[in-house]
Amino acid sequence: MSNPAGHIFQPELNAIKAHKWQLLGIGLLALALRLIWILLLYPEPNLQNGDGQFYLDVGRHVGRGLGVSLYWPDYRATSVVGPIYPYFIAFIQKVAGDRNLVNSIRVGQALVGLLTCLITFFLGLRWRNAKVGLIAALLIAIDLRYVIEAGELYTESVFILTLFLSVWIFAVALATPTNRWLFISGAVVGLTALVRPVAQFLPLAFCACLILSRDKTWREKALHSIWLLIGAQLITLPWTIRNIIRMEWKVSGIQSFSAFAPHILLLLLLVFIYSPRLQGLLNKYKLHLSIAAVVVFGVAAYNIRSFQIPLLGEGLDMHLFMALTEWDWEALQEHGDPKYGRENILHMYRYTDENGNVLYNFRPAIMEALRTNLPNIIMRRVNETVDAFLQPHGTVTIGAVLGGIGFKQTFSELLSGQASLGHILSQPDFLPKLSMYLLHFGSLVCGSLLVFTERRKRPSWNVYLFVALYFVAIYGLLFIIPRYVFPPLLLLHIPTAVAIARIVSWSKRKKSVAVPATSLPHTEAST
């Protein structure tokens with residue numbers, strides 16, 4: 001009996017057999033770089049000035065059977081973070097124990113990075129061939145931005161893995177465009193949203209790629225998009241239901257119903273497409289069904305308008321308020337109830353008391369800011385987005401660990417004559433930072449150009465472009481820093497690998513033309 005799954009993944013299976021030693025070498029290099037950073041260069045991460053301590057505490061609560069919860073007051077449930085990363089921490093805790101848990105988690109993230117290299121190889125294989133896959137996997141292995149991320153207790157390491165896995169399974173689904181595989185593809189994209197709730201609407205980016213494909217009819221595009229969305233919605237449905245049940249603010253009936261409006265709408269569309277009888281009713285009762293469709297769409301829109309999207313998490317309107325008004329945590333603290341001190345700042349995510357009464361109502365201030373200061377808001381968001389792209393993620397951390405004076409100050413001193421080139425090259429963080437800048441801007445420029453130039457030849461592979469634009473739009477609106485744009489930018493290593501492969505092939509051809517083959521001397525043996 002044939003094995004459908006084996007047939008679908010036959011390119012990957014064949015490539016692993018053919019390139020097992022190259023993959024083993026890349027994997028060992030990736031693991032070695034991460035373990036050197038984690039265990040030797042940066043053995044004690046700073047958990048005080050970031051989200052690391054928060055994720056560690058929530059993961060420990062999961063391991064103790066308290067669920068995804070905060071510890072003040074009374075281990076209240078939270079939806080600030082998706083469930084996958086806390087459960088990942090809880091799993092590491094169960095396997096390795098609580099002793100030296102932090103480094104155990106970091107070693108676990110190094111193994112996640114190793115798995116991401118393999119998925120990257122599969123992506124390059126699907127994009128072009130095994131050669132491109134190997135180059136892309138090598139770029140992921142040696143990219144110090146990703147090496148450093150393995151040593152931080154942030155969601156990015158697991159998030160990058162699920163994001164790459166989403167794109168790869170989507171590529172498999174495109175090669176086998178059946179409803180089942182589009183459903184599976186959507187489910188994997190849903191997993192990404194369960195790592196970082198900000199990816200809740202990411203399936204729409206994949207649907208945009210389906211719609212732009214030229215080798216399908218509009219009916220096929222609609223069906224594949226609906227099945228993908230259903231897969232994503234179903235995989236996140238348990239978490240949505242959990243948040244509705246355990247949310248600590250008061251939720252009205254229509255707000256609860258609005259959470260399921262996308263599921264209802266997708267099922268109605270599916271029934272409509274597969275039901276000739278329903279299509280006949282549409283022709284007979286156009287007005288009534290149009291009104292019903294408007295109602296369902298309206299409820300779905302209310303789900304977004306309310307700012308209380310169960311999956312997206314708490315504090316959305318708070319972050320939007322901060323982004324639009326430039327308020328920092330201290331100013332936000334003054335705006336709210338003064339009984340919450342700096343140490344309990346996460347109460348700001350709840351903006352309700354124990355009875356569900358609203359303490360922090362930011363929506364009037366949001367609307368006022370949009371009404372009175374929209375041009376300045378747009379310019380500020382654009383400037384912050386540009387700044388996030390100009391600064392590679394991780395350069396600050398590697399400078400703090402290895403020592404150095406920073407790139408801006410380095411070149412300033414060089415131009416002013418205060419420092420020599422030899423002094424700059426002797427800085428311990430110079431070469432690592434230089435490699436980070438080269439990979440960051442190299443992949444950004446080469447990858448973007450290749451995706452753009454091949455958008456007509458491979459419209460479905462616009463997924464790289466749409467995924468990047470999705471995160472830029474979301475984070476550009478809320479809050480954007482280099483760490484947030486870093487995961488989708490890593491995807492550009494795949495098209496960058498194509499550019500590198502082309503350059504290598506071109507240089508080999510040029511070298512073979514420049515050095516003609518020498519002819520053998522004419523002898524009896526040669527004749």
# chains A, B, ... in the order shown; residues from 1 in each chain; ligands from 1

$ residues_around --residues "A:Lys221" --least-positions-apart "2" --cutoff "12 Å" --atoms "only C-alpha atoms" --output "mmCIF file with C-alpha atoms, in the first residue's frame"
data_model
loop_
_atom_site.group_PDB
_atom_site.id
_atom_site.type_symbol
_atom_site.label_atom_id
_atom_site.label_comp_id
_atom_site.auth_asym_id
_atom_site.auth_seq_id
_atom_site.Cartn_x
_atom_site.Cartn_y
_atom_site.Cartn_z
ATOM 1 C CA LEU A 174 1.108 24.378 -2.748
ATOM 2 C CA PRO A 177 -3.030 21.630 -3.522
ATOM 3 C CA THR A 178 -5.702 19.543 -1.818
ATOM 4 C CA ASN A 179 -8.166 20.800 0.755
ATOM 5 C CA LEU A 182 -4.410 23.480 2.986
ATOM 6 C CA PHE A 206 -1.007 33.077 3.349
ATOM 7 C CA CYS A 207 -4.481 33.492 1.846
ATOM 8 C CA ALA A 208 -3.242 36.544 -0.074
ATOM 9 C CA CYS A 209 -0.594 34.327 -1.687
ATOM 10 C CA LEU A 210 -3.258 31.811 -2.701
ATOM 11 C CA ILE A 211 -5.405 34.536 -4.225
ATOM 12 C CA LEU A 212 -2.460 35.840 -6.289
ATOM 13 C CA SER A 213 -1.675 32.413 -7.745
ATOM 14 C CA ARG A 214 -2.398 32.197 -11.459
ATOM 15 C CA ASP A 215 -2.790 28.451 -11.930
ATOM 16 C CA LYS A 216 -6.093 28.178 -10.047
ATOM 17 C CA THR A 217 -9.680 29.181 -10.676
ATOM 18 C CA TRP A 218 -11.395 31.610 -8.341
ATOM 19 C CA ARG A 219 -13.443 28.751 -6.894
ATOM 20 C CA LEU A 223 -11.902 26.848 -1.271
ATOM 21 C CA HIS A 224 -8.196 26.618 -0.447
ATOM 22 C CA SER A 225 -8.286 29.914 1.449
ATOM 23 C CA ILE A 226 -11.337 28.850 3.469
ATOM 24 C CA TRP A 227 -9.807 25.475 4.376
ATOM 25 C CA LEU A 228 -6.582 27.203 5.428
ATOM 26 C CA ILE A 273 -19.661 26.588 -1.996
ATOM 27 C CA SER A 460 2.608 31.954 -4.503
#

$ residues_around --residues "A:Ala141" --least-positions-apart "4" --cutoff "9 Å" --atoms "only C-alpha atoms" --output "list of chain:residue names"
A:Ile26, A:Gly27, A:Leu29, A:Ala30, A:Leu31, A:Leu33, A:Arg34, A:Gly113, A:Leu114, A:Thr116, A:Cys117, A:Ala136, A:Ala137, A:Tyr146, A:Val147

$ write_last_selection --atoms "N, CA, C and O atoms" --output "PDB file, in the first residue's frame"
ATOM      1  N   ILE A  26      26.493  21.113   9.227  1.00  0.00           N
ATOM      2  CA  ILE A  26      25.800  22.377   9.512  1.00  0.00           C
ATOM      3  C   ILE A  26      25.132  22.313  10.874  1.00  0.00           C
ATOM      4  O   ILE A  26      25.181  23.272  11.667  1.00  0.00           O
ATOM      5  N   GLY A  27      24.507  21.162  11.185  1.00  0.00           N
ATOM      6  CA  GLY A  27      23.842  21.018  12.478  1.00  0.00           C
ATOM      7  C   GLY A  27      24.821  21.090  13.645  1.00  0.00           C
ATOM      8  O   GLY A  27      24.549  21.749  14.655  1.00  0.00           O
ATOM      9  N   LEU A  29      27.729  22.587  13.626  1.00  0.00           N
ATOM     10  CA  LEU A  29      28.210  23.971  13.702  1.00  0.00           C
ATOM     11  C   LEU A  29      27.190  24.852  14.407  1.00  0.00           C
ATOM     12  O   LEU A  29      27.543  25.666  15.284  1.00  0.00           O
ATOM     13  N   ALA A  30      25.921  24.714  14.040  1.00  0.00           N
ATOM     14  CA  ALA A  30      24.858  25.518  14.670  1.00  0.00           C
ATOM     15  C   ALA A  30      24.792  25.246  16.166  1.00  0.00           C
ATOM     16  O   ALA A  30      24.701  26.180  16.978  1.00  0.00           O
ATOM     17  N   LEU A  31      24.836  23.976  16.536  1.00  0.00           N
ATOM     18  CA  LEU A  31      24.741  23.626  17.959  1.00  0.00           C
ATOM     19  C   LEU A  31      25.971  24.109  18.721  1.00  0.00           C
ATOM     20  O   LEU A  31      25.857  24.627  19.843  1.00  0.00           O
ATOM     21  N   LEU A  33      28.017  26.688  18.053  1.00  0.00           N
ATOM     22  CA  LEU A  33      27.997  28.142  18.232  1.00  0.00           C
ATOM     23  C   LEU A  33      27.044  28.540  19.355  1.00  0.00           C
ATOM     24  O   LEU A  33      27.362  29.425  20.176  1.00  0.00           O
ATOM     25  N   ARG A  34      25.881  27.907  19.400  1.00  0.00           N
ATOM     26  CA  ARG A  34      24.895  28.256  20.423  1.00  0.00           C
ATOM     27  C   ARG A  34      25.343  27.824  21.819  1.00  0.00           C
ATOM     28  O   ARG A  34      25.152  28.570  22.790  1.00  0.00           O
ATOM     29  N   GLY A 113      16.963  25.786  17.652  1.00  0.00           N
ATOM     30  CA  GLY A 113      17.688  26.409  16.547  1.00  0.00           C
ATOM     31  C   GLY A 113      18.235  25.376  15.586  1.00  0.00           C
ATOM     32  O   GLY A 113      18.256  25.592  14.363  1.00  0.00           O
ATOM     33  N   LEU A 114      18.693  24.233  16.113  1.00  0.00           N
ATOM     34  CA  LEU A 114      19.176  23.144  15.272  1.00  0.00           C
ATOM     35  C   LEU A 114      18.056  22.623  14.371  1.00  0.00           C
ATOM     36  O   LEU A 114      18.254  22.393  13.170  1.00  0.00           O
ATOM     37  N   THR A 116      15.441  24.314  13.450  1.00  0.00           N
ATOM     38  CA  THR A 116      15.120  25.376  12.488  1.00  0.00           C
ATOM     39  C   THR A 116      16.046  25.320  11.273  1.00  0.00           C
ATOM     40  O   THR A 116      15.622  25.588  10.146  1.00  0.00           O
ATOM     41  N   CYS A 117      17.320  24.950  11.482  1.00  0.00           N
ATOM     42  CA  CYS A 117      18.249  24.797  10.353  1.00  0.00           C
ATOM     43  C   CYS A 117      17.749  23.729   9.389  1.00  0.00           C
ATOM     44  O   CYS A 117      17.828  23.901   8.162  1.00  0.00           O
ATOM     45  N   ALA A 136      21.114  28.202   2.702  1.00  0.00           N
ATOM     46  CA  ALA A 136      20.185  28.865   3.615  1.00  0.00           C
ATOM     47  C   ALA A 136      20.331  28.318   5.034  1.00  0.00           C
ATOM     48  O   ALA A 136      20.328  29.072   6.014  1.00  0.00           O
ATOM     49  N   ALA A 137      20.456  26.988   5.163  1.00  0.00           N
ATOM     50  CA  ALA A 137      20.632  26.384   6.484  1.00  0.00           C
ATOM     51  C   ALA A 137      21.933  26.852   7.129  1.00  0.00           C
ATOM     52  O   ALA A 137      21.988  27.100   8.343  1.00  0.00           O
ATOM     53  N   TYR A 146      20.624  35.052  15.543  1.00  0.00           N
ATOM     54  CA  TYR A 146      19.844  33.895  15.972  1.00  0.00           C
ATOM     55  C   TYR A 146      20.588  33.092  17.041  1.00  0.00           C
ATOM     56  O   TYR A 146      19.976  32.484  17.916  1.00  0.00           O
ATOM     57  N   VAL A 147      21.910  33.077  16.983  1.00  0.00           N
ATOM     58  CA  VAL A 147      22.710  32.413  18.015  1.00  0.00           C
ATOM     59  C   VAL A 147      22.462  33.069  19.367  1.00  0.00           C
ATOM     60  O   VAL A 147      22.242  32.396  20.385  1.00  0.00           O
TER      61      VAL A 147
END

$ closest_residue --among "A:Pro203, A:Phe260, A:Val396, A:Val198" --to "A:Tyr475" --atoms "only C-alpha atoms"
A:Val198

$ residues_around --residues "stretch 41-55 of chain A" --least-positions-apart "6" --cutoff "7 Å" --atoms "only C-alpha atoms" --output "PyMOL selection string"
chain A and resi 86+152-154+401

$ closest_residue --among "A:Phe471, A:Pro238, A:Phe441, A:Gly59" --to "A:Tyr87" --atoms "only C-alpha atoms"
A:Gly59

$ residues_around --residues "stretch 478-489 of chain A" --least-positions-apart "5" --cutoff "9 Å" --atoms "only C-alpha atoms" --output "ChimeraX atom specification"
/A:145-146,156-157,159-160,163-164,316,319-324,381,384-385,387-394,440,443-444,464,467-469,471-473

$ select_by_dssp --residues "stretch 383-474 of chain A" --states "helix (DSSP H, G or I)" --output "short mmCIF file (atom, residue, chain, number, x, y, z; two decimals) with N, CA, C and O atoms, in the first residue's frame"
data_model
loop_
_atom_site.label_atom_id
_atom_site.label_comp_id
_atom_site.auth_asym_id
_atom_site.auth_seq_id
_atom_site.Cartn_x
_atom_site.Cartn_y
_atom_site.Cartn_z
N ASN A 383 9.06 56.52 11.53
CA ASN A 383 10.44 56.70 11.98
C ASN A 383 10.89 55.53 12.87
O ASN A 383 12.01 55.03 12.75
N GLU A 384 10.01 55.09 13.78
CA GLU A 384 10.36 53.99 14.67
C GLU A 384 10.51 52.69 13.89
O GLU A 384 11.35 51.84 14.22
N THR A 385 9.69 52.51 12.85
CA THR A 385 9.81 51.31 12.02
C THR A 385 11.13 51.30 11.26
O THR A 385 11.82 50.27 11.20
N VAL A 386 11.50 52.45 10.70
CA VAL A 386 12.77 52.55 9.98
C VAL A 386 13.93 52.29 10.94
O VAL A 386 14.88 51.56 10.61
N ASP A 387 13.87 52.85 12.14
CA ASP A 387 14.93 52.63 13.14
C ASP A 387 15.06 51.15 13.49
O ASP A 387 16.18 50.64 13.70
N ALA A 388 13.93 50.44 13.56
CA ALA A 388 13.96 49.01 13.90
C ALA A 388 14.67 48.20 12.83
O ALA A 388 15.33 47.20 13.12
N PHE A 389 14.55 48.63 11.56
CA PHE A 389 15.21 47.92 10.48
C PHE A 389 16.69 48.28 10.37
O PHE A 389 17.49 47.48 9.89
N LEU A 390 17.06 49.48 10.79
CA LEU A 390 18.44 49.91 10.66
C LEU A 390 19.34 49.32 11.75
O LEU A 390 20.57 49.31 11.58
N THR A 395 23.01 43.22 18.60
CA THR A 395 24.30 43.89 18.64
C THR A 395 24.59 44.50 20.02
O THR A 395 25.73 44.52 20.47
N VAL A 396 23.54 44.97 20.68
CA VAL A 396 23.72 45.54 22.03
C VAL A 396 24.17 44.45 23.00
O VAL A 396 25.08 44.65 23.81
N THR A 397 23.53 43.28 22.92
CA THR A 397 23.86 42.19 23.83
C THR A 397 25.28 41.70 23.61
O THR A 397 26.04 41.50 24.57
N ILE A 398 25.68 41.52 22.36
CA ILE A 398 27.02 41.00 22.09
C ILE A 398 28.09 42.03 22.48
O ILE A 398 29.18 41.67 22.92
N GLY A 399 27.75 43.31 22.37
CA GLY A 399 28.68 44.35 22.82
C GLY A 399 28.84 44.34 24.33
O GLY A 399 29.95 44.52 24.85
N ALA A 400 27.73 44.12 25.03
CA ALA A 400 27.78 44.09 26.50
C ALA A 400 28.56 42.88 27.01
O ALA A 400 29.24 42.95 28.03
N VAL A 401 28.47 41.75 26.30
CA VAL A 401 29.14 40.53 26.75
C VAL A 401 30.62 40.52 26.37
O VAL A 401 31.49 40.22 27.19
N LEU A 402 30.93 40.86 25.11
CA LEU A 402 32.31 40.79 24.64
C LEU A 402 33.10 42.05 24.94
O LEU A 402 34.32 42.03 24.98
N PHE A 407 29.43 50.52 17.33
CA PHE A 407 29.76 50.87 15.94
C PHE A 407 29.67 52.36 15.67
O PHE A 407 30.53 52.94 15.01
N LYS A 408 28.64 53.01 16.18
CA LYS A 408 28.48 54.44 15.91
C LYS A 408 29.64 55.23 16.49
O LYS A 408 30.23 56.09 15.81
N GLN A 409 29.99 54.94 17.73
CA GLN A 409 31.11 55.65 18.35
C GLN A 409 32.43 55.28 17.68
O GLN A 409 33.32 56.13 17.52
N THR A 410 32.55 54.01 17.27
CA THR A 410 33.78 53.55 16.61
C THR A 410 34.06 54.35 15.34
O THR A 410 35.16 54.89 15.16
N PHE A 411 33.08 54.45 14.47
CA PHE A 411 33.29 55.15 13.21
C PHE A 411 33.36 56.67 13.41
O PHE A 411 34.00 57.37 12.64
N SER A 412 32.70 57.14 14.45
CA SER A 412 32.81 58.56 14.76
C SER A 412 34.25 58.91 15.16
O SER A 412 34.81 59.92 14.72
N GLU A 413 34.85 58.05 16.00
CA GLU A 413 36.24 58.27 16.42
C GLU A 413 37.21 58.10 15.25
O GLU A 413 38.23 58.79 15.16
N LEU A 414 36.88 57.17 14.33
CA LEU A 414 37.75 56.96 13.18
C LEU A 414 37.73 58.18 12.26
O LEU A 414 38.79 58.64 11.79
N LEU A 415 36.55 58.71 12.01
CA LEU A 415 36.43 59.87 11.12
C LEU A 415 37.05 61.12 11.73
O LEU A 415 37.58 61.97 11.01
N SER A 416 36.96 61.23 13.05
CA SER A 416 37.52 62.42 13.71
C SER A 416 39.00 62.29 14.01
O SER A 416 39.62 63.22 14.53
N LEU A 421 42.57 52.69 12.65
CA LEU A 421 41.87 51.52 12.13
C LEU A 421 42.30 50.26 12.89
O LEU A 421 41.46 49.38 13.16
N GLY A 422 43.57 50.19 13.25
CA GLY A 422 44.05 49.04 14.02
C GLY A 422 43.37 48.93 15.37
O GLY A 422 43.04 47.84 15.84
N HIS A 423 43.16 50.09 16.02
CA HIS A 423 42.48 50.09 17.31
C HIS A 423 41.04 49.61 17.17
O HIS A 423 40.55 48.86 18.01
N ILE A 424 40.40 50.02 16.09
CA ILE A 424 39.01 49.61 15.86
C ILE A 424 38.93 48.11 15.61
O ILE A 424 38.08 47.41 16.16
N LEU A 425 39.84 47.59 14.77
CA LEU A 425 39.83 46.16 14.46
C LEU A 425 40.16 45.30 15.67
O LEU A 425 39.78 44.13 15.71
N PHE A 430 34.11 43.77 17.36
CA PHE A 430 34.03 44.37 16.03
C PHE A 430 33.64 43.35 14.96
O PHE A 430 32.68 43.56 14.21
N LEU A 431 34.38 42.25 14.86
CA LEU A 431 34.09 41.26 13.82
C LEU A 431 32.73 40.59 14.01
O LEU A 431 32.00 40.41 13.02
N PRO A 432 32.35 40.20 15.24
CA PRO A 432 30.99 39.64 15.40
C PRO A 432 29.90 40.62 14.98
O PRO A 432 28.95 40.23 14.28
N LYS A 433 30.04 41.89 15.38
CA LYS A 433 29.03 42.88 14.99
C LYS A 433 29.04 43.12 13.49
O LYS A 433 27.97 43.28 12.87
N LEU A 434 30.24 43.12 12.89
CA LEU A 434 30.32 43.31 11.44
C LEU A 434 29.59 42.20 10.70
O LEU A 434 28.85 42.46 9.74
N SER A 435 29.75 40.96 11.17
CA SER A 435 29.04 39.84 10.53
C SER A 435 27.54 39.98 10.69
O SER A 435 26.78 39.64 9.77
N MET A 436 27.10 40.50 11.82
CA MET A 436 25.67 40.69 12.05
C MET A 436 25.10 41.75 11.11
O MET A 436 24.01 41.59 10.55
N TYR A 437 25.84 42.84 10.95
CA TYR A 437 25.39 43.90 10.04
C TYR A 437 25.36 43.40 8.60
O TYR A 437 24.43 43.70 7.83
N LEU A 438 26.40 42.64 8.20
CA LEU A 438 26.45 42.14 6.83
C LEU A 438 25.29 41.18 6.54
O LEU A 438 24.65 41.27 5.49
N LEU A 439 25.02 40.26 7.46
CA LEU A 439 23.93 39.32 7.25
C LEU A 439 22.58 40.03 7.30
O LEU A 439 21.67 39.70 6.55
N HIS A 440 22.45 41.00 8.21
CA HIS A 440 21.18 41.71 8.35
C HIS A 440 20.85 42.48 7.07
O HIS A 440 19.79 42.25 6.46
N PHE A 441 21.75 43.36 6.65
CA PHE A 441 21.46 44.18 5.47
C PHE A 441 21.60 43.40 4.17
O PHE A 441 20.88 43.66 3.20
N GLY A 442 22.51 42.40 4.16
CA GLY A 442 22.66 41.59 2.96
C GLY A 442 21.40 40.79 2.66
O GLY A 442 20.92 40.79 1.52
N SER A 443 20.86 40.13 3.67
CA SER A 443 19.64 39.35 3.45
C SER A 443 18.44 40.26 3.20
O SER A 443 17.56 39.92 2.41
N LEU A 444 18.42 41.41 3.85
CA LEU A 444 17.32 42.35 3.66
C LEU A 444 17.27 42.85 2.22
O LEU A 444 16.20 42.87 1.58
N VAL A 445 18.43 43.23 1.69
CA VAL A 445 18.48 43.77 0.33
C VAL A 445 18.35 42.65 -0.71
O VAL A 445 17.48 42.70 -1.60
N CYS A 446 19.21 41.62 -0.62
CA CYS A 446 19.20 40.55 -1.62
C CYS A 446 17.88 39.79 -1.61
O CYS A 446 17.29 39.53 -2.67
N GLY A 447 17.42 39.43 -0.41
CA GLY A 447 16.18 38.67 -0.32
C GLY A 447 14.98 39.44 -0.82
O GLY A 447 14.15 38.90 -1.58
N SER A 448 14.88 40.71 -0.46
CA SER A 448 13.74 41.52 -0.90
C SER A 448 13.75 41.71 -2.41
O SER A 448 12.72 41.63 -3.07
N LEU A 449 14.94 41.98 -2.98
CA LEU A 449 15.04 42.17 -4.43
C LEU A 449 14.66 40.91 -5.19
O LEU A 449 13.95 40.96 -6.19
N LEU A 450 15.13 39.75 -4.71
CA LEU A 450 14.82 38.51 -5.41
C LEU A 450 13.34 38.19 -5.35
O LEU A 450 12.73 37.80 -6.35
N VAL A 451 12.74 38.35 -4.17
CA VAL A 451 11.29 38.10 -4.04
C VAL A 451 10.52 39.04 -4.94
O VAL A 451 9.56 38.65 -5.62
N PHE A 452 10.93 40.31 -4.99
CA PHE A 452 10.22 41.30 -5.80
C PHE A 452 10.36 40.99 -7.29
O PHE A 452 9.39 41.05 -8.04
N THR A 453 11.57 40.64 -7.73
CA THR A 453 11.79 40.40 -9.15
C THR A 453 11.12 39.11 -9.62
O THR A 453 10.79 38.99 -10.81
N PRO A 459 4.28 33.69 -8.01
CA PRO A 459 3.40 34.54 -7.19
C PRO A 459 3.04 33.92 -5.84
O PRO A 459 2.86 34.64 -4.86
N SER A 460 2.95 32.59 -5.77
CA SER A 460 2.61 31.95 -4.50
C SER A 460 3.70 32.15 -3.46
O SER A 460 3.43 32.16 -2.26
N TRP A 461 4.96 32.32 -3.93
CA TRP A 461 6.05 32.50 -2.98
C TRP A 461 6.18 33.94 -2.50
O TRP A 461 7.15 34.30 -1.85
N ASN A 462 5.18 34.74 -2.83
CA ASN A 462 5.09 36.06 -2.19
C ASN A 462 4.86 35.94 -0.70
O ASN A 462 4.78 36.95 0.00
N VAL A 463 4.74 34.70 -0.21
CA VAL A 463 4.53 34.49 1.22
C VAL A 463 5.64 35.17 2.04
O VAL A 463 5.38 35.70 3.12
N TYR A 464 6.88 35.17 1.53
CA TYR A 464 7.97 35.84 2.25
C TYR A 464 7.67 37.33 2.40
O TYR A 464 7.87 37.91 3.47
N LEU A 465 7.19 37.93 1.31
CA LEU A 465 6.90 39.35 1.32
C LEU A 465 5.69 39.66 2.21
O LEU A 465 5.72 40.59 3.01
N PHE A 466 4.63 38.86 2.06
CA PHE A 466 3.41 39.14 2.81
C PHE A 466 3.59 38.90 4.31
O PHE A 466 3.03 39.63 5.14
N VAL A 467 4.36 37.89 4.67
CA VAL A 467 4.62 37.63 6.10
C VAL A 467 5.39 38.80 6.71
O VAL A 467 5.07 39.28 7.80
N ALA A 468 6.41 39.26 5.99
CA ALA A 468 7.19 40.40 6.49
C ALA A 468 6.32 41.65 6.61
O ALA A 468 6.37 42.36 7.63
N LEU A 469 5.52 41.93 5.59
CA LEU A 469 4.67 43.11 5.62
C LEU A 469 3.62 43.02 6.72
O LEU A 469 3.27 44.03 7.34
N TYR A 470 3.13 41.81 7.00
CA TYR A 470 2.15 41.64 8.06
C TYR A 470 2.72 42.08 9.40
O TYR A 470 2.10 42.86 10.14
N PHE A 471 3.91 41.57 9.72
CA PHE A 471 4.49 41.89 11.03
C PHE A 471 4.92 43.35 11.10
O PHE A 471 4.83 43.98 12.16
N VAL A 472 5.39 43.90 9.99
CA VAL A 472 5.74 45.32 9.98
C VAL A 472 4.49 46.16 10.25
O VAL A 472 4.53 47.13 11.02
N ALA A 473 3.36 45.80 9.64
CA ALA A 473 2.13 46.56 9.84
C ALA A 473 1.64 46.46 11.28
O ALA A 473 1.28 47.47 11.90
N ILE A 474 1.64 45.24 11.83
CA ILE A 474 1.14 45.04 13.20
C ILE A 474 2.03 45.75 14.21
O ILE A 474 1.57 46.52 15.06
#

$ atom_distance --atom1 "atom CA of A:Ile84" --atom2 "atom CA of A:Phe122"
23.4 Å

$ residues_around --residues "A:Ile494" --least-positions-apart "6" --cutoff "10 Å" --atoms "only C-alpha atoms" --output "short mmCIF file (atom, residue, chain, number, x, y, z; two decimals) with N, CA, C and O atoms, in the first residue's frame"
data_model
loop_
_atom_site.label_atom_id
_atom_site.label_comp_id
_atom_site.auth_asym_id
_atom_site.auth_seq_id
_atom_site.Cartn_x
_atom_site.Cartn_y
_atom_site.Cartn_z
N THR A 120 14.85 25.04 7.47
CA THR A 120 15.34 26.00 6.48
C THR A 120 15.88 25.28 5.25
O THR A 120 15.68 25.74 4.11
N PHE A 121 16.56 24.16 5.47
CA PHE A 121 17.03 23.35 4.35
C PHE A 121 15.85 22.89 3.49
O PHE A 121 15.91 22.95 2.25
N LEU A 123 13.00 24.37 3.21
CA LEU A 123 12.46 25.55 2.53
C LEU A 123 13.27 25.88 1.28
O LEU A 123 12.72 26.17 0.21
N GLY A 124 14.59 25.87 1.41
CA GLY A 124 15.44 26.14 0.26
C GLY A 124 15.27 25.09 -0.82
O GLY A 124 15.31 25.40 -2.02
N LEU A 125 15.07 23.84 -0.40
CA LEU A 125 14.83 22.76 -1.35
C LEU A 125 13.55 23.01 -2.13
O LEU A 125 13.50 22.83 -3.36
N TRP A 127 12.12 25.91 -2.52
CA TRP A 127 12.25 27.17 -3.28
C TRP A 127 13.00 26.93 -4.59
O TRP A 127 12.58 27.37 -5.65
N ARG A 128 14.13 26.21 -4.49
CA ARG A 128 14.94 25.97 -5.69
C ARG A 128 15.43 24.51 -5.74
O ARG A 128 14.94 23.71 -6.48
N VAL A 132 20.61 25.35 -2.67
CA VAL A 132 20.07 26.56 -2.03
C VAL A 132 19.68 26.25 -0.58
O VAL A 132 19.90 27.05 0.33
N GLY A 133 19.11 25.07 -0.35
CA GLY A 133 18.73 24.68 1.00
C GLY A 133 19.92 24.62 1.93
O GLY A 133 19.85 25.06 3.09
N LEU A 134 21.03 24.06 1.46
CA LEU A 134 22.23 23.97 2.29
C LEU A 134 22.79 25.35 2.61
O LEU A 134 23.22 25.62 3.75
N ILE A 135 22.81 26.23 1.61
CA ILE A 135 23.33 27.59 1.85
C ILE A 135 22.43 28.32 2.86
O ILE A 135 22.93 28.98 3.79
N ALA A 136 21.11 28.20 2.70
CA ALA A 136 20.19 28.86 3.62
C ALA A 136 20.33 28.32 5.03
O ALA A 136 20.33 29.07 6.01
N ALA A 137 20.46 26.99 5.16
CA ALA A 137 20.63 26.38 6.48
C ALA A 137 21.93 26.85 7.13
O ALA A 137 21.99 27.10 8.34
N LEU A 139 23.40 29.76 6.59
CA LEU A 139 23.20 31.15 7.01
C LEU A 139 22.47 31.21 8.34
O LEU A 139 22.82 32.01 9.22
N ILE A 140 21.45 30.37 8.52
CA ILE A 140 20.73 30.33 9.79
C ILE A 140 21.63 29.84 10.91
O ILE A 140 21.57 30.33 12.05
N SER A 443 20.86 40.13 3.67
CA SER A 443 19.64 39.35 3.45
C SER A 443 18.44 40.26 3.20
O SER A 443 17.56 39.92 2.41
N GLY A 447 17.42 39.43 -0.41
CA GLY A 447 16.18 38.67 -0.32
C GLY A 447 14.98 39.44 -0.82
O GLY A 447 14.15 38.90 -1.58
N VAL A 451 12.74 38.35 -4.17
CA VAL A 451 11.29 38.10 -4.04
C VAL A 451 10.52 39.04 -4.94
O VAL A 451 9.56 38.65 -5.62
N TYR A 464 6.88 35.17 1.53
CA TYR A 464 7.97 35.84 2.25
C TYR A 464 7.67 37.33 2.40
O TYR A 464 7.87 37.91 3.47
N ILE A 500 23.18 33.92 -3.55
CA ILE A 500 24.55 33.44 -3.33
C ILE A 500 24.88 32.30 -4.28
O ILE A 500 25.98 32.24 -4.85
#

$ atom_distance --atom1 "atom CA of A:Ala15" --atom2 "atom CA of A:Lys131"
9.8 Å

$ atom_distance --atom1 "atom CA of A:His263" --atom2 "atom CA of A:Ile235"
11.4 Å
